[in-house]
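Visitor: So I've got this file, target.cif, and it contains mmCIF, C-alpha atoms:
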```cif
data_work
loop_
_atom_site.label_atom_id
_atom_site.label_comp_id
_atom_site.auth_asym_id
_atom_site.auth_seq_id
_atom_site.Cartn_x
_atom_site.Cartn_y
_atom_site.Cartn_z
CA MET T 1 8.03 19.15 1.66
CA PRO T 2 5.87 22.31 2.01
CA GLU T 3 8.95 24.40 2.77
CA LEU T 4 10.76 22.93 -0.23
CA LEU T 5 7.74 23.57 -2.44
CA ARG T 6 7.58 27.18 -1.34
CA VAL T 7 11.23 27.70 -2.24
CA LEU T 8 10.80 25.93 -5.57
CA TYR T 9 7.74 27.97 -6.45
CA HIS T 10 9.49 31.18 -5.52
CA SER T 11 12.46 30.27 -7.73
CA HIS T 12 10.57 28.86 -10.72
CA ARG T 13 7.12 30.40 -10.69
CA GLN T 14 7.64 32.08 -14.04
CA GLY T 15 8.92 28.95 -15.75
CA LEU T 16 6.24 26.74 -14.24
CA PHE T 17 3.48 29.09 -15.27
CA SER T 18 4.91 29.48 -18.78
CA LEU T 19 5.10 25.72 -19.18
CA ALA T 20 1.48 25.29 -18.08
CA LEU T 21 0.40 28.20 -20.28
CA SER T 22 2.18 26.79 -23.32
CA ILE T 23 0.32 23.50 -22.88
CA THR T 24 -3.16 24.72 -21.95
CA GLY T 25 -3.27 27.98 -23.91
CA SER T 26 -5.35 29.53 -21.15
CA ARG T 27 -4.29 31.63 -18.19
CA GLN T 28 -7.02 30.22 -16.00
CA LEU T 29 -6.28 26.62 -16.85
CA ALA T 30 -2.57 27.20 -16.44
CA GLU T 31 -3.06 28.62 -12.96
CA ASP T 32 -5.40 25.77 -12.09
CA ALA T 33 -2.82 23.28 -13.29
CA VAL T 34 -0.04 24.83 -11.21
CA HIS T 35 -2.28 24.98 -8.17
CA GLU T 36 -3.43 21.40 -8.55
CA ALA T 37 0.12 20.19 -9.05
CA PHE T 38 1.33 21.88 -5.86
CA ALA T 39 -1.67 20.56 -3.95
CA LYS T 40 -0.71 17.04 -5.03
CA MET T 41 2.93 17.48 -4.18
CA ALA T 42 2.14 18.92 -0.75
CA GLY T 43 0.79 15.54 0.36
CA ARG T 44 3.71 13.54 -0.96
CA LYS T 45 7.19 12.81 0.26
CA PRO T 46 10.01 14.89 -1.21
CA PRO T 47 11.64 13.37 -4.28
CA GLU T 48 14.95 11.64 -3.75
CA GLY T 49 16.71 13.26 -6.69
CA ASP T 50 16.70 16.78 -8.07
CA PRO T 51 13.38 18.37 -7.03
CA VAL T 52 13.36 20.97 -9.85
CA PRO T 53 12.57 18.63 -12.77
CA TYR T 54 10.17 16.77 -10.50
CA VAL T 55 8.11 19.91 -9.92
CA PHE T 56 8.13 20.77 -13.60
CA LYS T 57 7.06 17.24 -14.45
CA VAL T 58 4.09 17.31 -12.06
CA VAL T 59 2.99 20.70 -13.36
CA ARG T 60 3.38 19.49 -16.93
CA ASN T 61 1.23 16.43 -16.26
CA ALA T 62 -1.43 18.50 -14.54
CA ALA T 63 -1.50 20.92 -17.48
CA ILE T 64 -1.80 18.06 -19.97
CA ASP T 65 -4.71 16.64 -17.93
CA MET T 66 -6.38 20.06 -17.91
CA GLN T 67 -5.88 20.46 -21.61
CA ARG T 68 -7.31 17.01 -22.34
CA SER T 69 -10.37 17.53 -20.20
CA ARG T 70 -11.21 20.70 -22.05
CA ARG T 71 -13.68 20.36 -24.88
CA ARG T 72 -12.47 20.58 -28.44
CA ASP T 73 -14.60 23.63 -29.18
CA GLN T 74 -12.99 25.50 -26.34
CA GLN T 75 -9.57 25.63 -27.93
CA LEU T 76 -7.80 28.66 -26.57
CA SER T 77 -4.47 30.13 -27.44
CA VAL T 78 -3.03 32.75 -25.19
CA SER T 79 0.43 34.02 -25.94
CA LEU T 80 3.25 33.20 -23.59
CA PHE T 81 4.45 36.75 -23.90
CA ASN T 82 3.21 40.09 -22.74
CA GLY T 83 4.86 41.94 -25.53
CA TYR T 84 7.97 43.87 -26.12
CA SER T 85 9.89 45.01 -23.07
CA PRO T 86 12.30 47.79 -24.03
CA GLN T 87 15.74 47.73 -22.55
CA PRO T 88 16.62 50.79 -20.45
CA LYS T 89 19.50 51.80 -22.70
CA GLU T 90 17.37 51.86 -25.87
CA THR T 91 16.57 55.51 -26.35
CA ASP T 92 16.57 55.63 -30.15
CA PRO T 93 12.91 55.67 -31.34
CA GLN T 94 13.79 53.95 -34.60
CA MET T 95 15.65 51.17 -32.84
CA HIS T 96 12.70 50.87 -30.49
CA LEU T 97 10.30 50.31 -33.38
CA LEU T 98 12.61 47.81 -35.05
CA THR T 99 13.04 45.87 -31.88
CA LYS T 100 9.32 45.87 -31.24
CA GLU T 101 8.66 44.53 -34.71
CA ARG T 102 11.31 41.88 -34.28
CA ASP T 103 9.80 40.87 -31.00
CA GLN T 104 6.38 40.41 -32.54
CA ILE T 105 7.84 38.27 -35.30
CA LEU T 106 9.67 36.16 -32.75
CA ARG T 107 6.51 35.68 -30.71
CA LYS T 108 4.62 34.50 -33.74
CA ALA T 109 7.47 32.18 -34.74
CA ILE T 110 7.55 30.57 -31.29
CA GLU T 111 3.84 30.02 -31.28
CA ASN T 112 4.06 28.39 -34.69
CA LEU T 113 6.56 25.82 -33.52
CA CYS T 114 5.37 22.27 -33.02
CA GLU T 115 4.50 21.27 -29.45
CA ASP T 116 7.69 19.34 -28.77
CA GLU T 117 9.93 22.15 -29.98
CA ARG T 118 7.95 24.79 -28.12
CA GLU T 119 8.17 22.75 -24.97
CA ALA T 120 11.94 22.52 -25.38
CA ILE T 121 12.14 26.30 -25.80
CA VAL T 122 9.98 26.88 -22.72
CA LEU T 123 11.88 24.49 -20.49
CA LYS T 124 15.37 25.52 -21.60
CA ALA T 125 15.20 29.15 -22.63
CA LEU T 126 12.29 30.48 -20.59
CA ALA T 127 12.39 28.31 -17.46
CA GLY T 128 16.16 28.17 -17.41
CA LEU T 129 16.52 24.43 -16.87
CA THR T 130 19.49 22.41 -17.98
CA PHE T 131 19.03 19.81 -20.69
CA GLU T 132 19.13 17.08 -18.07
CA GLN T 133 16.45 18.77 -15.98
CA ALA T 134 14.34 19.59 -19.02
CA GLY T 135 14.60 16.04 -20.27
CA GLU T 136 13.59 14.64 -16.91
CA ALA T 137 10.66 17.04 -16.67
CA ALA T 138 9.43 16.09 -20.14
CA GLY T 139 10.08 12.41 -19.60
CA ILE T 140 12.57 12.08 -22.45
CA PRO T 141 16.37 11.78 -22.66
CA ALA T 142 18.42 14.94 -22.33
CA LYS T 143 19.89 14.41 -25.80
CA THR T 144 16.44 14.31 -27.33
CA ILE T 145 15.36 17.57 -25.79
CA ALA T 146 18.68 19.15 -26.73
CA THR T 147 18.09 18.12 -30.34
CA ARG T 148 14.57 19.56 -30.27
CA TYR T 149 15.82 22.76 -28.72
CA ARG T 150 18.53 23.31 -31.34
CA ARG T 151 16.12 22.53 -34.14
CA ALA T 152 13.66 25.05 -32.69
CA LEU T 153 16.36 27.70 -32.48
CA GLN T 154 17.30 27.10 -36.10
CA LYS T 155 13.68 27.51 -37.13
CA LEU T 156 13.36 30.74 -35.19
CA GLU T 157 16.56 32.11 -36.68
CA THR T 158 15.48 31.20 -40.17
CA HIS T 159 12.11 32.82 -39.58
CA LEU T 160 13.69 35.98 -38.24
CA ARG T 161 16.12 36.26 -41.16
CA GLY T 162 13.31 35.94 -43.63
CA GLN T 163 11.20 38.58 -41.91
CA ILE T 164 13.74 41.17 -40.93
CA MET L 165 28.42 24.46 -29.12
CA SER L 166 28.40 24.45 -25.32
CA GLN L 167 25.31 25.08 -23.24
CA ASN L 168 26.63 28.38 -21.91
CA GLU L 169 27.36 29.84 -25.34
CA LYS L 170 24.14 31.61 -26.28
CA GLN L 171 22.95 32.15 -29.80
CA PRO L 172 21.48 35.52 -30.84
CA VAL L 173 18.00 34.04 -30.82
CA GLU L 174 18.46 32.91 -27.25
CA LYS L 175 19.46 36.42 -26.26
CA LEU L 176 16.31 37.75 -27.89
CA LEU L 177 14.24 35.20 -26.03
CA ALA L 178 15.78 36.30 -22.76
CA GLN L 179 14.73 39.88 -23.45
CA MET L 180 11.10 39.07 -24.07
CA SER L 181 8.57 39.75 -21.37
CA LEU L 182 6.60 36.73 -20.27
CA GLN L 183 3.10 36.57 -18.87
CA GLN L 184 3.21 36.45 -15.12
CA PRO L 185 1.09 34.26 -12.85
CA SER L 186 -1.49 36.19 -10.91
CA GLN L 187 -1.10 37.31 -7.33
CA GLU L 188 -4.02 35.07 -6.48
CA LEU L 189 -2.06 31.99 -7.53
CA ASP L 190 0.98 33.16 -5.59
CA ASP L 191 -1.13 33.61 -2.47
CA ALA L 192 -2.79 30.23 -2.90
CA ILE L 193 0.53 28.43 -3.28
CA PHE L 194 2.11 30.21 -0.33
CA ASP L 195 -0.92 29.51 1.84
CA MET L 196 -0.82 25.87 0.82
CA THR L 197 2.86 25.48 1.59
CA ARG L 198 2.66 27.38 4.88
CA GLN L 199 0.44 24.88 6.63
CA GLN L 200 1.76 21.39 7.22
CA PRO L 201 -0.56 18.93 5.53
CA PRO L 202 -0.67 15.47 7.09
CA MET L 203 1.73 13.16 5.35
CA LYS L 204 0.19 10.08 3.89
CA VAL L 205 1.32 7.14 5.93
CA ALA L 206 1.96 4.07 3.86
CA PRO L 207 -0.15 1.18 5.12
CA ALA L 208 1.78 -1.52 6.87
CA PRO L 209 2.34 -4.46 4.60
CA THR L 210 -0.22 -7.09 5.50
CA ALA L 211 2.07 -9.91 4.42
CA SER L 212 4.49 -9.33 7.29
CA PHE L 213 1.62 -9.18 9.80
CA GLY L 214 0.27 -12.47 8.51
CA TRP L 215 3.61 -14.17 8.83
CA ARG L 216 4.03 -12.85 12.35
CA SER L 217 0.63 -14.07 13.50
CA LEU L 218 1.17 -17.38 11.76
CA ALA L 219 4.49 -17.84 13.55
CA ALA L 220 2.91 -16.93 16.90
CA THR L 221 0.06 -19.39 16.31
CA ALA L 222 2.51 -22.13 15.41
CA LEU L 223 4.54 -21.40 18.55
CA VAL L 224 1.43 -21.59 20.75
CA CYS L 225 0.30 -24.82 19.09
CA ALA L 226 3.74 -26.36 19.55
CA SER L 227 3.81 -25.35 23.23
CA VAL L 228 0.36 -26.82 23.84
CA GLY L 229 1.37 -29.99 22.02
CA ILE L 230 4.50 -30.40 24.14
CA PHE L 231 2.51 -29.80 27.32
CA ILE L 232 -0.10 -32.36 26.39
CA GLY L 233 2.58 -34.83 25.35
CA ARG L 234 4.26 -34.58 28.75
CA TRP L 235 1.01 -34.60 30.66
CA PHE L 236 -0.12 -37.93 29.25
CA PRO L 237 1.94 -40.89 30.44
CA GLN L 238 4.33 -42.26 27.88
CA GLY L 239 3.06 -45.31 25.98
CA HIS L 240 -0.51 -44.47 26.84
CA THR L 241 -2.89 -44.93 23.97
CA LEU L 242 -6.38 -43.64 23.83
CA ASP L 243 -9.08 -46.23 23.56
CA SER L 244 -12.82 -46.27 23.58
CA VAL L 245 -12.96 -46.25 27.37
CA ASP L 246 -10.95 -43.05 27.59
CA SER L 247 -13.24 -41.43 25.14
CA LYS L 248 -16.09 -42.22 27.49
CA SER L 249 -14.09 -40.89 30.41
CA HIS L 250 -14.96 -43.91 32.52
CA LEU L 251 -13.08 -46.83 33.93
CA LEU L 252 -14.40 -50.02 35.34
CA THR L 253 -12.86 -50.91 38.65
CA THR L 254 -13.32 -54.09 40.54
CA GLY L 255 -14.51 -53.71 44.06
CA GLY L 256 -15.62 -57.18 44.96
CA ALA L 257 -14.20 -60.66 44.85
CA PRO L 258 -12.86 -61.51 41.44
CA LYS L 259 -13.06 -65.21 41.91
CA THR L 260 -16.33 -65.59 40.06
CA LEU L 261 -14.82 -64.38 36.82
CA ALA L 262 -13.65 -67.68 35.44
CA SER L 263 -12.05 -66.30 32.29
CA ARG L 264 -9.79 -63.90 34.13
CA SER L 265 -6.45 -64.79 35.62
CA ALA L 266 -5.71 -63.93 39.22
CA ASP L 267 -2.99 -61.50 38.17
CA GLN L 268 -5.33 -59.57 35.93
CA LEU L 269 -8.06 -59.49 38.47
CA SER L 270 -5.75 -58.23 41.17
CA ARG L 271 -5.53 -54.91 39.36
CA LEU L 272 -7.94 -52.31 40.59
CA SER L 273 -8.54 -50.78 37.23
CA LEU L 274 -10.08 -52.66 34.35
CA ARG L 275 -10.41 -51.33 30.89
CA GLU L 276 -13.33 -52.19 28.69
CA ASN L 277 -11.41 -54.77 26.67
CA ALA L 278 -10.33 -56.44 29.90
CA ALA L 279 -13.94 -56.43 31.09
CA ALA L 280 -15.25 -57.87 27.82
CA PRO L 281 -16.16 -61.24 29.43
CA LEU L 282 -18.60 -59.33 31.61
CA HIS L 283 -20.84 -58.69 28.66
CA GLY L 284 -23.97 -60.76 28.82
CA HIS L 285 -23.95 -61.08 32.62
CA THR L 286 -26.88 -59.94 34.66
CA ALA L 287 -26.03 -57.01 36.92
CA GLN L 288 -27.68 -54.72 39.40
CA ILE L 289 -26.97 -51.03 39.12
CA ILE L 290 -26.04 -49.38 42.38
CA ASP L 291 -24.85 -45.89 43.34
CA GLU L 292 -21.17 -46.74 42.75
CA GLY L 293 -21.57 -48.83 39.65
CA PHE L 294 -23.06 -52.28 39.36
CA VAL L 295 -23.02 -55.69 40.99
CA LEU L 296 -22.67 -58.77 38.83
CA LEU L 297 -25.21 -61.41 39.72
CA ASP L 298 -24.54 -65.13 39.68
CA GLY L 299 -28.07 -66.38 39.57
CA ASN L 300 -29.71 -64.29 42.28
CA ARG L 301 -26.59 -63.79 44.38
CA PRO L 302 -24.11 -60.96 43.93
CA SER L 303 -20.78 -62.26 42.72
CA GLN L 304 -18.75 -59.10 41.97
CA THR L 305 -19.13 -55.40 42.53
CA CYS L 306 -17.81 -53.06 39.86
CA ARG L 307 -17.46 -49.38 40.64
CA VAL L 308 -17.68 -46.80 37.91
CA VAL L 309 -15.19 -43.97 38.36
CA LYS L 310 -14.15 -41.13 36.15
CA SER L 311 -10.91 -41.38 34.32
CA ARG L 312 -7.74 -40.08 35.95
CA GLN L 313 -8.80 -41.89 39.11
CA LYS L 314 -11.40 -39.33 40.09
CA GLN L 315 -14.61 -40.43 41.78
CA ARG L 316 -17.85 -39.66 40.08
CA GLU L 317 -19.53 -36.61 41.50
CA TYR L 318 -23.01 -37.88 40.93
CA THR L 319 -24.04 -41.33 41.84
CA LEU L 320 -26.29 -43.38 39.68
CA PRO L 321 -29.85 -42.58 40.75
CA VAL L 322 -31.64 -45.86 40.17
CA ARG L 323 -31.05 -49.33 41.43
CA GLU L 324 -32.23 -51.87 38.93
CA THR L 325 -31.17 -55.11 37.38
CA VAL L 326 -30.00 -54.93 33.80
CA MET L 327 -28.17 -57.03 31.28
CA LEU L 328 -24.74 -55.60 30.50
CA PRO L 329 -24.72 -54.42 26.88
CA SER L 330 -22.70 -56.14 24.22
CA PRO L 331 -19.58 -54.34 22.91
CA GLU L 332 -21.10 -53.34 19.56
CA ILE L 333 -23.81 -51.41 21.35
#
```
Could I get this file's structure written as structure tokens?
Guide:
Amino acid sequence: MPELLRVLYHSHRQGLFSLALSITGSRQLAEDAVHEAFAKMAGRKPPEGDPVPYVFKVVRNAAIDMQRSRRRDQQLSVSLFNGYSPQPKETDPQMHLLTKERDQILRKAIENLCEDEREAIVLKALAGLTFEQAGEAAGIPAKTIATRYRRALQKLETHLRGQI
Amino acid sequence: MSQNEKQPVEKLLAQMSLQQPSQELDDAIFDMTRQQPPMKVAPAPTASFGWRSLAATALVCASVGIFIGRWFPQGHTLDSVDSKSHLLTTGGAPKTLASRSADQLSRLSLRENAAAPLHGHTAQIIDEGFVLLDGNRPSQTCRVVKSRQKQREYTLPVRETVMLPSPEI
């Protein structure tokens, strides 16, 4: 199991951390949640099925526990994103500014999504899971998370069209 | 729309830079997964152990029962004399026992029910048992032996004349 966990963390560290961050809203709590989840899994037997959704599920549960244990007055909200990352081929300054502005609008739109839709975006678009894996990690059917994901994309597109 | 066909919004999402976990977390996870933690061993189900011990106990009890059943002679029934681990044996002349037939008296071993007519007779206790007295003369000597035809290890210490107790006593 430890060897498998190391490989899984290496492959999905970004997605796992983003999931925990989207739930807790705090870098520290997100890291604590990931660490606690891996500490729990290290003492267990490997899952019989696909280990990827299993790892995401344990991290998700740990993040939810962290978020619940936090006091109401300590509500934090840290963005999932660092900011705009320019593509190497973008050399036009005007295009650069437009893209940066679009990126900021998109960030704000994602953070304004409801929890379920944001979770679907994180699991599918940011962590790169399939709908089946994302559904298993979130504890819901794949069709349900696919529906949430498409609804979230429509909201983002509508938001972007109205802003840009 | 298939899963592989990406919408423009999805392409934008893929271009965005995400917050990275710290190096400290990476190190902690890699340290944790490098060492082999002891796997939790599931406790053995107690139900199976109970059944096993119960079966073993039943087997032992059955074996002991069979052994005891073979050891005792067939048709033998326990009576009050066996519980006392004593038998009354006749050692003297049985002629003075008027209520007993010659065939019965010829047997060496007498059980308590067979010796019931002795109750109420005067007897003298000796080392081996007692001597029935007919008036002042000894009429019959009865030896007390342990059951299973084993002689008593300790003789009776006192010689005295007593009245044999009645059965209810």
Visitor: Could you list, as an mmCIF file with C-alpha atoms, keeping the file's coordinate frame, every residue of chain L that has an atom within 6 Å of an atom of chain T, counting only C-alpha atoms?
Guide:
```cif
data_model
loop_
_atom_site.group_PDB
_atom_site.id
_atom_site.type_symbol
_atom_site.label_atom_id
_atom_site.label_comp_id
_atom_site.auth_asym_id
_atom_site.auth_seq_id
_atom_site.Cartn_x
_atom_site.Cartn_y
_atom_site.Cartn_z
ATOM 1 C CA SER L 181 8.570 39.750 -21.370
ATOM 2 C CA LEU L 182 6.600 36.730 -20.270
ATOM 3 C CA GLN L 183 3.100 36.570 -18.870
ATOM 4 C CA THR L 197 2.860 25.480 1.590
ATOM 5 C CA MET L 203 1.730 13.160 5.350
#
```
Visitor: CA of Gly233 (chain L) to CA of Ala220 (chain L): how many Å, to one decimal?
Guide: 19.8 Å
Visitor: In Å, how far is it from CA of Asp195 (chain L) to CA of Val55 (chain T)?
Guide: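 Taking CA of Asp195 (chain L) and CA of Val55 (chain T), their separation equals 17.7 Å.
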Visitor: In Å, with one decimal, what is the gap from CA of Gln133 (chain T) to CA of Val52 (chain T)?
Guide: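 These two atoms are separated by 7.2 Å.
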Visitor: Using only C-alpha atoms, which protein or nucleic acid residues come within 12 Å of Ala33 (chain T)? Drop anything in the same chain fewer than 4 positions from it, and give the result as JSON, numbers by chain.
Guide: {"T": [16, 17, 18, 19, 20, 21, 22, 23, 24, 25, 26, 27, 28, 29, 37, 38, 39, 40, 55, 56, 57, 58, 59, 60, 61, 62, 63, 64, 65, 66, 67, 68, 69], "L": [185, 189, 193]}
Visitor: So that all listed atoms of region 220-233 of chain L fit with 3 Å spare on each side, what axis-aligned box centre and edge lengths in Å, to one decimal, would you give as AutoDock Vina command-line options?
Guide:
```
--center_x 2.2 --center_y -25.9 --center_z 21.4 --size_x 10.6 --size_y 23.9 --size_z 17.9
```
Visitor: Could you check which of L:Met180, L:Leu223, L:Asp191, L:His285 is closest to Gly299 (chain L), using only C-alpha atoms?
Guide: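 Of L:Met180, L:Leu223, L:Asp191, L:His285, the one nearest Gly299 (chain L), counting only C-alpha atoms, is L:His285.
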